[in-house]
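Participant: This is the structure I want to talk about, given as structure tokens.
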There are 2 protein chains.
Amino acid sequence: MIRLYDYWRSSASYRVRIALAMKHVDYERHDVNLLAGEQGDDANRARNAQGFVPTLDVDGQTIGQSLAIIDYLDATYPDPPMVPRDPLARAHTLQRALVIAADIHPVNNLRILKRLGAMGIDQAGRDEWYRHWIAEGFAALEALAGDGPYLGGDAPDLSDVCLVPQMYNARRLETPLDAYPKLVAIDAALTALPAFAAAHPDKFSPA
Amino acid sequence: MIRLYDYWRSSASYRVRIALAMKHVDYERHDVNLLAGEQGDDANRARNAQGFVPTLDVDGQTIGQSLAIIDYLDATYPDPPMVPRDPLARAHTLQRALVIAADIHPVNNLRILKRLGAMGIDQAGRDEWYRHWIAEGFAALEALAGDGPYLGGDAPDLSDVCLVPQMYNARRLETPLDAYPKLVAIDAALTALPAFAAAHPDKFSPA
């Protein structure tokens, strides 16, 4: 039995939902309400040492960190693959994924924004912070993008799985996207795919 | 021909140097002086779209992001392996590595600290920021650590390669470590290994 503990708007959770949908994995979804602070509850910390979402529970064995979860899914449900087999192509997929998963998302997540607020940075300052790191990362990713239709070329890969949730976040914060025409086109191609559409936060919104 | 573009004190570079040493890979090292701003030069941006270090250059093909570089090295120089073969064990190694490589290091690196400074956060505030995210990540990692001697158990793995540079950074900023006895013991066991010792920043200090 596979259980996913996630939050509808968490972008790391959104990545995992895309991978699960691409691989047609059946799972039971459990909501951890970040706005209510449920991620810090004992129950969530018992399954996720960081007190984060997402967590994958496989027959009682838990895995945290979205890229580690997706690696597990890729090892156990290999079709379709999330990374190419060629060592250099594989490294480039991971590089693109990590531009988002290491250098955009973690510096913009809720705990960081809360801490900035506690340090006296106002909402406008926090929004500027958020958009700045997206702009830095997207500029690099635009330079690394090929001719499409996806970041992975002819088939979506792990970096595409990271791109769509980050684009969703960028638009929520009204980040200008004119400088990233390749990324905008790739995102449009990706969001039209059934697995990406099925994982969209709106499908899991409590309202 | 393998070239590594790095900076002696960059902790992501330190990770790659450890992996290269563990796998006995011959390489030519090139310094990119972060304090002089060389990472933003055209030459460095041509090889690393983010304007970061480290970059691995393999016969003119470049790879950025330390975990992507180490994945490439693991695919091309498989001995010793950086991740276990079992899917769950592999995911747990990646999870531990990402606690550091996604959730500690990127929120504390030079560009973040500089931006905090530009936003009016003074040195004491920046130091507190730095120690806070190390403490959060190390608390999770201490809970995830097994009985040693390494994070990877009997053999060092990718998460050990990430731990040692993060411990080095923690000590530079005088982060209290009393709450992480397992991590301190594992770090001591790791730094005694020849490959870890050979990669230490002091070996590459310009002074």
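Numbering starts fresh at 1 for the residues of each chain in the structure tokens, the chains themselves are lettered A, B, ... in the order given, and ligands are numbered from 1 as they appear.
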If DSSP is run on the backbone, what residues of segment 12-50 of chain A are alpha helix (DSSP H)? A reply as a VMD selection string would be ideal.
Facilitator: chain A and resid 12 to 22 42 to 47
Participant: Compile the residues of chain B that lie within 9 Å of chain A, evaluated using only C-alpha atoms, and express the compilation as a ChimeraX atom specification.
Facilitator: /B:48-51,61-76,86-88,90-96,98-99,101-108,112,115,119,121,125,129,136-137,139-141,143-144
Participant: Store the residues picked out above, limited to N, CA and C atoms, as a short mmCIF file (atom, residue, chain, number, x, y, z; two decimals), in the first residue's frame.
Facilitator:
data_model
loop_
_atom_site.label_atom_id
_atom_site.label_comp_id
_atom_site.auth_asym_id
_atom_site.auth_seq_id
_atom_site.Cartn_x
_atom_site.Cartn_y
_atom_site.Cartn_z
N ASN B 48 28.96 27.23 -16.82
CA ASN B 48 27.99 26.99 -15.74
C ASN B 48 26.90 28.07 -15.84
N ALA B 49 25.73 27.68 -16.35
CA ALA B 49 24.68 28.65 -16.65
C ALA B 49 24.25 29.45 -15.43
N GLN B 50 24.42 28.89 -14.24
CA GLN B 50 24.05 29.61 -13.03
C GLN B 50 25.15 30.57 -12.56
N GLY B 51 26.34 30.45 -13.15
CA GLY B 51 27.45 31.26 -12.66
C GLY B 51 27.91 30.77 -11.29
N GLN B 61 32.50 18.82 -22.51
CA GLN B 61 31.10 18.77 -22.09
C GLN B 61 31.04 19.16 -20.61
N THR B 62 30.20 20.12 -20.28
CA THR B 62 30.19 20.61 -18.90
C THR B 62 28.95 20.15 -18.13
N ILE B 63 29.13 19.93 -16.85
CA ILE B 63 28.06 19.56 -15.93
C ILE B 63 28.14 20.47 -14.72
N GLY B 64 27.02 21.06 -14.34
CA GLY B 64 26.92 21.84 -13.11
C GLY B 64 26.09 21.10 -12.09
N GLN B 65 26.05 21.63 -10.88
CA GLN B 65 25.31 21.05 -9.74
C GLN B 65 26.07 19.83 -9.19
N SER B 66 26.56 19.95 -7.98
CA SER B 66 27.43 18.92 -7.41
C SER B 66 26.79 17.53 -7.41
N LEU B 67 25.50 17.43 -7.10
CA LEU B 67 24.89 16.09 -7.05
C LEU B 67 24.74 15.49 -8.45
N ALA B 68 24.58 16.34 -9.46
CA ALA B 68 24.54 15.84 -10.84
C ALA B 68 25.94 15.39 -11.27
N ILE B 69 26.95 16.14 -10.86
CA ILE B 69 28.34 15.77 -11.18
C ILE B 69 28.68 14.42 -10.53
N ILE B 70 28.30 14.27 -9.27
CA ILE B 70 28.63 13.03 -8.57
C ILE B 70 27.85 11.85 -9.16
N ASP B 71 26.63 12.10 -9.60
CA ASP B 71 25.86 11.05 -10.29
C ASP B 71 26.59 10.62 -11.57
N TYR B 72 27.12 11.59 -12.31
CA TYR B 72 27.88 11.27 -13.52
C TYR B 72 29.13 10.44 -13.17
N LEU B 73 29.84 10.87 -12.16
CA LEU B 73 31.05 10.13 -11.75
C LEU B 73 30.69 8.71 -11.32
N ASP B 74 29.55 8.57 -10.65
CA ASP B 74 29.13 7.25 -10.17
C ASP B 74 28.77 6.34 -11.34
N ALA B 75 28.22 6.94 -12.41
CA ALA B 75 27.87 6.14 -13.60
C ALA B 75 29.11 5.74 -14.39
N THR B 76 30.13 6.58 -14.36
CA THR B 76 31.30 6.32 -15.21
C THR B 76 32.48 5.71 -14.44
N ASP B 86 19.63 -1.21 -3.57
CA ASP B 86 18.25 -1.43 -3.15
C ASP B 86 17.46 -0.11 -3.24
N PRO B 87 16.28 -0.12 -3.89
CA PRO B 87 15.54 1.12 -4.11
C PRO B 87 15.24 1.92 -2.84
N LEU B 88 14.85 1.25 -1.76
CA LEU B 88 14.52 1.98 -0.54
C LEU B 88 15.78 2.54 0.12
N ARG B 90 18.54 3.25 -1.36
CA ARG B 90 19.00 4.32 -2.25
C ARG B 90 18.22 5.62 -1.99
N ALA B 91 16.90 5.49 -1.87
CA ALA B 91 16.07 6.67 -1.61
C ALA B 91 16.45 7.31 -0.27
N HIS B 92 16.75 6.48 0.73
CA HIS B 92 17.12 7.05 2.04
C HIS B 92 18.47 7.75 1.99
N THR B 93 19.40 7.22 1.20
CA THR B 93 20.68 7.93 1.01
C THR B 93 20.43 9.28 0.34
N LEU B 94 19.62 9.29 -0.71
CA LEU B 94 19.31 10.55 -1.39
C LEU B 94 18.58 11.52 -0.46
N GLN B 95 17.66 10.98 0.33
CA GLN B 95 16.93 11.84 1.27
C GLN B 95 17.90 12.55 2.21
N ARG B 96 18.82 11.78 2.81
CA ARG B 96 19.80 12.40 3.72
C ARG B 96 20.67 13.43 3.00
N LEU B 98 19.89 15.18 0.41
CA LEU B 98 19.11 16.36 0.04
C LEU B 98 18.74 17.22 1.24
N VAL B 99 18.67 16.63 2.43
CA VAL B 99 18.47 17.46 3.62
C VAL B 99 19.57 18.53 3.66
N ALA B 101 21.88 19.14 0.83
CA ALA B 101 22.14 19.76 -0.48
C ALA B 101 20.98 20.61 -0.98
N ALA B 102 19.77 20.38 -0.46
CA ALA B 102 18.64 21.23 -0.85
C ALA B 102 18.22 22.17 0.28
N ASP B 103 18.25 21.68 1.52
CA ASP B 103 17.60 22.46 2.58
C ASP B 103 18.53 23.13 3.59
N ILE B 104 19.83 22.85 3.53
CA ILE B 104 20.76 23.63 4.36
C ILE B 104 21.62 24.52 3.46
N HIS B 105 22.37 23.89 2.58
CA HIS B 105 23.38 24.63 1.84
C HIS B 105 22.83 25.78 0.98
N PRO B 106 21.79 25.55 0.14
CA PRO B 106 21.36 26.64 -0.75
C PRO B 106 20.80 27.86 -0.02
N VAL B 107 20.26 27.67 1.17
CA VAL B 107 19.72 28.84 1.88
C VAL B 107 20.80 29.60 2.63
N ASN B 108 22.00 29.06 2.66
CA ASN B 108 23.11 29.69 3.39
C ASN B 108 24.26 30.11 2.49
N ILE B 112 22.93 34.30 -1.08
CA ILE B 112 21.84 34.55 -0.14
C ILE B 112 22.31 35.51 0.95
N ARG B 115 22.58 38.99 -0.32
CA ARG B 115 21.27 39.63 -0.51
C ARG B 115 20.67 40.05 0.84
N MET B 119 19.63 43.79 2.11
CA MET B 119 18.30 44.10 2.65
C MET B 119 18.40 44.67 4.06
N ILE B 121 20.13 43.32 6.73
CA ILE B 121 20.40 42.39 7.83
C ILE B 121 21.90 42.44 8.15
N GLY B 125 22.92 39.16 12.39
CA GLY B 125 21.66 38.60 11.89
C GLY B 125 21.91 37.54 10.85
N TRP B 129 21.01 33.54 11.03
CA TRP B 129 20.31 32.89 9.91
C TRP B 129 21.03 31.59 9.53
N GLU B 136 18.33 23.31 12.05
CA GLU B 136 17.11 22.63 11.58
C GLU B 136 17.46 21.36 10.79
N GLY B 137 18.40 21.48 9.87
CA GLY B 137 18.75 20.34 9.03
C GLY B 137 19.48 19.25 9.80
N ALA B 139 19.25 18.59 12.97
CA ALA B 139 18.32 17.89 13.87
C ALA B 139 17.62 16.76 13.12
N ALA B 140 17.20 17.04 11.89
CA ALA B 140 16.54 16.00 11.08
C ALA B 140 17.52 14.88 10.74
N LEU B 141 18.74 15.27 10.38
CA LEU B 141 19.75 14.29 9.97
C LEU B 141 20.17 13.41 11.14
N ALA B 143 18.22 12.53 13.51
CA ALA B 143 17.12 11.56 13.67
C ALA B 143 17.18 10.47 12.60
N LEU B 144 17.69 10.81 11.43
CA LEU B 144 17.75 9.85 10.32
C LEU B 144 19.00 8.97 10.38
#
Participant: Among segment 27-156 of chain B, which residues does DSSP mark as strand (DSSP E or B) when it is run on the backbone? Keep the chain and numbering as in the structure and answer as a VMD selection string.
Facilitator: chain B and resid 28 to 31 55 to 58 61 to 64 150 153
Participant: Any idea what the distance is between atom CA of Ile18 of chain A and atom CA of Ala199 of chain A?
Facilitator: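 Going from atom CA of Ile18 of chain A over to atom CA of Ala199 of chain A covers 5.2 Å.
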Participant: List the neighbours of Gly146 of chain A out to 10 Å using only C-alpha atoms; skip same-chain residues closer than 4 positions along the sequence, and give me the result as a list in words.
Facilitator: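 Once the adjacent positions are removed, what remains is Leu141, Glu142, Tyr150, Leu151, Gly152, Gly153, Lys182, Leu183 and Ile186 of chain A.
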Participant: Quick one: write out the picked residues with N, CA, C and O atoms as a compact mmCIF listing (two decimals), in the first residue's frame?
Facilitator:
# COMPACT_ATOMS: atom_id res chain seq x y z
N LEU A 141 18.02 28.19 -16.39
CA LEU A 141 17.28 27.08 -16.99
C LEU A 141 16.94 27.38 -18.45
O LEU A 141 16.96 26.48 -19.30
N GLU A 142 16.61 28.63 -18.74
CA GLU A 142 16.35 29.03 -20.13
C GLU A 142 17.59 28.79 -20.99
O GLU A 142 17.50 28.31 -22.12
N TYR A 150 9.98 19.37 -24.69
CA TYR A 150 10.10 19.37 -23.23
C TYR A 150 11.55 19.67 -22.83
O TYR A 150 12.45 19.62 -23.68
N LEU A 151 11.79 19.95 -21.56
CA LEU A 151 13.18 20.10 -21.11
C LEU A 151 13.95 18.83 -21.40
O LEU A 151 15.12 18.87 -21.76
N GLY A 152 13.29 17.69 -21.26
CA GLY A 152 13.92 16.41 -21.53
C GLY A 152 14.00 16.06 -23.01
O GLY A 152 14.42 14.96 -23.34
N GLY A 153 13.61 16.98 -23.87
CA GLY A 153 13.61 16.69 -25.32
C GLY A 153 12.26 16.16 -25.75
O GLY A 153 11.23 16.80 -25.51
N LYS A 182 11.37 29.92 -23.90
CA LYS A 182 11.46 28.45 -23.99
C LYS A 182 10.74 27.79 -22.82
O LYS A 182 9.98 26.84 -23.00
N LEU A 183 10.98 28.29 -21.63
CA LEU A 183 10.36 27.68 -20.44
C LEU A 183 8.84 27.82 -20.50
O LEU A 183 8.11 26.89 -20.14
N ILE A 186 7.58 25.29 -23.04
CA ILE A 186 7.71 23.93 -22.50
C ILE A 186 6.65 23.68 -21.42
O ILE A 186 6.00 22.63 -21.40
Participant: Would you list the contacts of Asn33 of chain B as a PyMOL selection string, taking every protein, DNA or RNA residue within 10 Å and counting only C-alpha atoms, but skipping same-chain residues closer than 3 positions in sequence?
Facilitator: chain B and resi 5-10+30+36-39+53
Participant: With N, CA and C atoms retained, could you export that selection as a compact mmCIF listing (two decimals), in the first residue's frame?
Facilitator:
# COMPACT_ATOMS: atom_id res chain seq x y z
N TYR B 5 36.30 22.88 -12.15
CA TYR B 5 36.34 24.30 -11.82
C TYR B 5 35.71 24.45 -10.45
N ASP B 6 36.50 24.88 -9.50
CA ASP B 6 35.98 24.94 -8.14
C ASP B 6 36.61 26.09 -7.36
N TYR B 7 36.21 26.20 -6.10
CA TYR B 7 36.78 27.19 -5.19
C TYR B 7 37.08 26.44 -3.89
N TRP B 8 38.23 26.71 -3.32
CA TRP B 8 38.69 25.86 -2.22
C TRP B 8 37.70 25.76 -1.06
N ARG B 9 36.97 26.87 -0.78
CA ARG B 9 36.10 26.87 0.37
C ARG B 9 34.64 26.58 0.03
N SER B 10 34.31 26.44 -1.25
CA SER B 10 32.94 26.13 -1.65
C SER B 10 32.59 24.73 -1.18
N HIS B 30 40.92 23.77 -11.56
CA HIS B 30 41.01 25.19 -11.91
C HIS B 30 40.26 26.01 -10.89
N ALA B 36 36.55 37.17 -5.42
CA ALA B 36 36.85 38.15 -6.47
C ALA B 36 35.71 38.25 -7.49
N GLY B 37 34.66 37.45 -7.30
CA GLY B 37 33.51 37.52 -8.20
C GLY B 37 33.70 36.81 -9.53
N GLU B 38 34.72 35.97 -9.63
CA GLU B 38 35.00 35.31 -10.92
C GLU B 38 33.89 34.38 -11.39
N GLN B 39 33.02 33.93 -10.45
CA GLN B 39 31.94 33.03 -10.85
C GLN B 39 30.97 33.69 -11.84
N VAL B 53 30.08 27.56 -8.91
CA VAL B 53 30.99 26.42 -8.88
C VAL B 53 30.29 25.36 -8.05
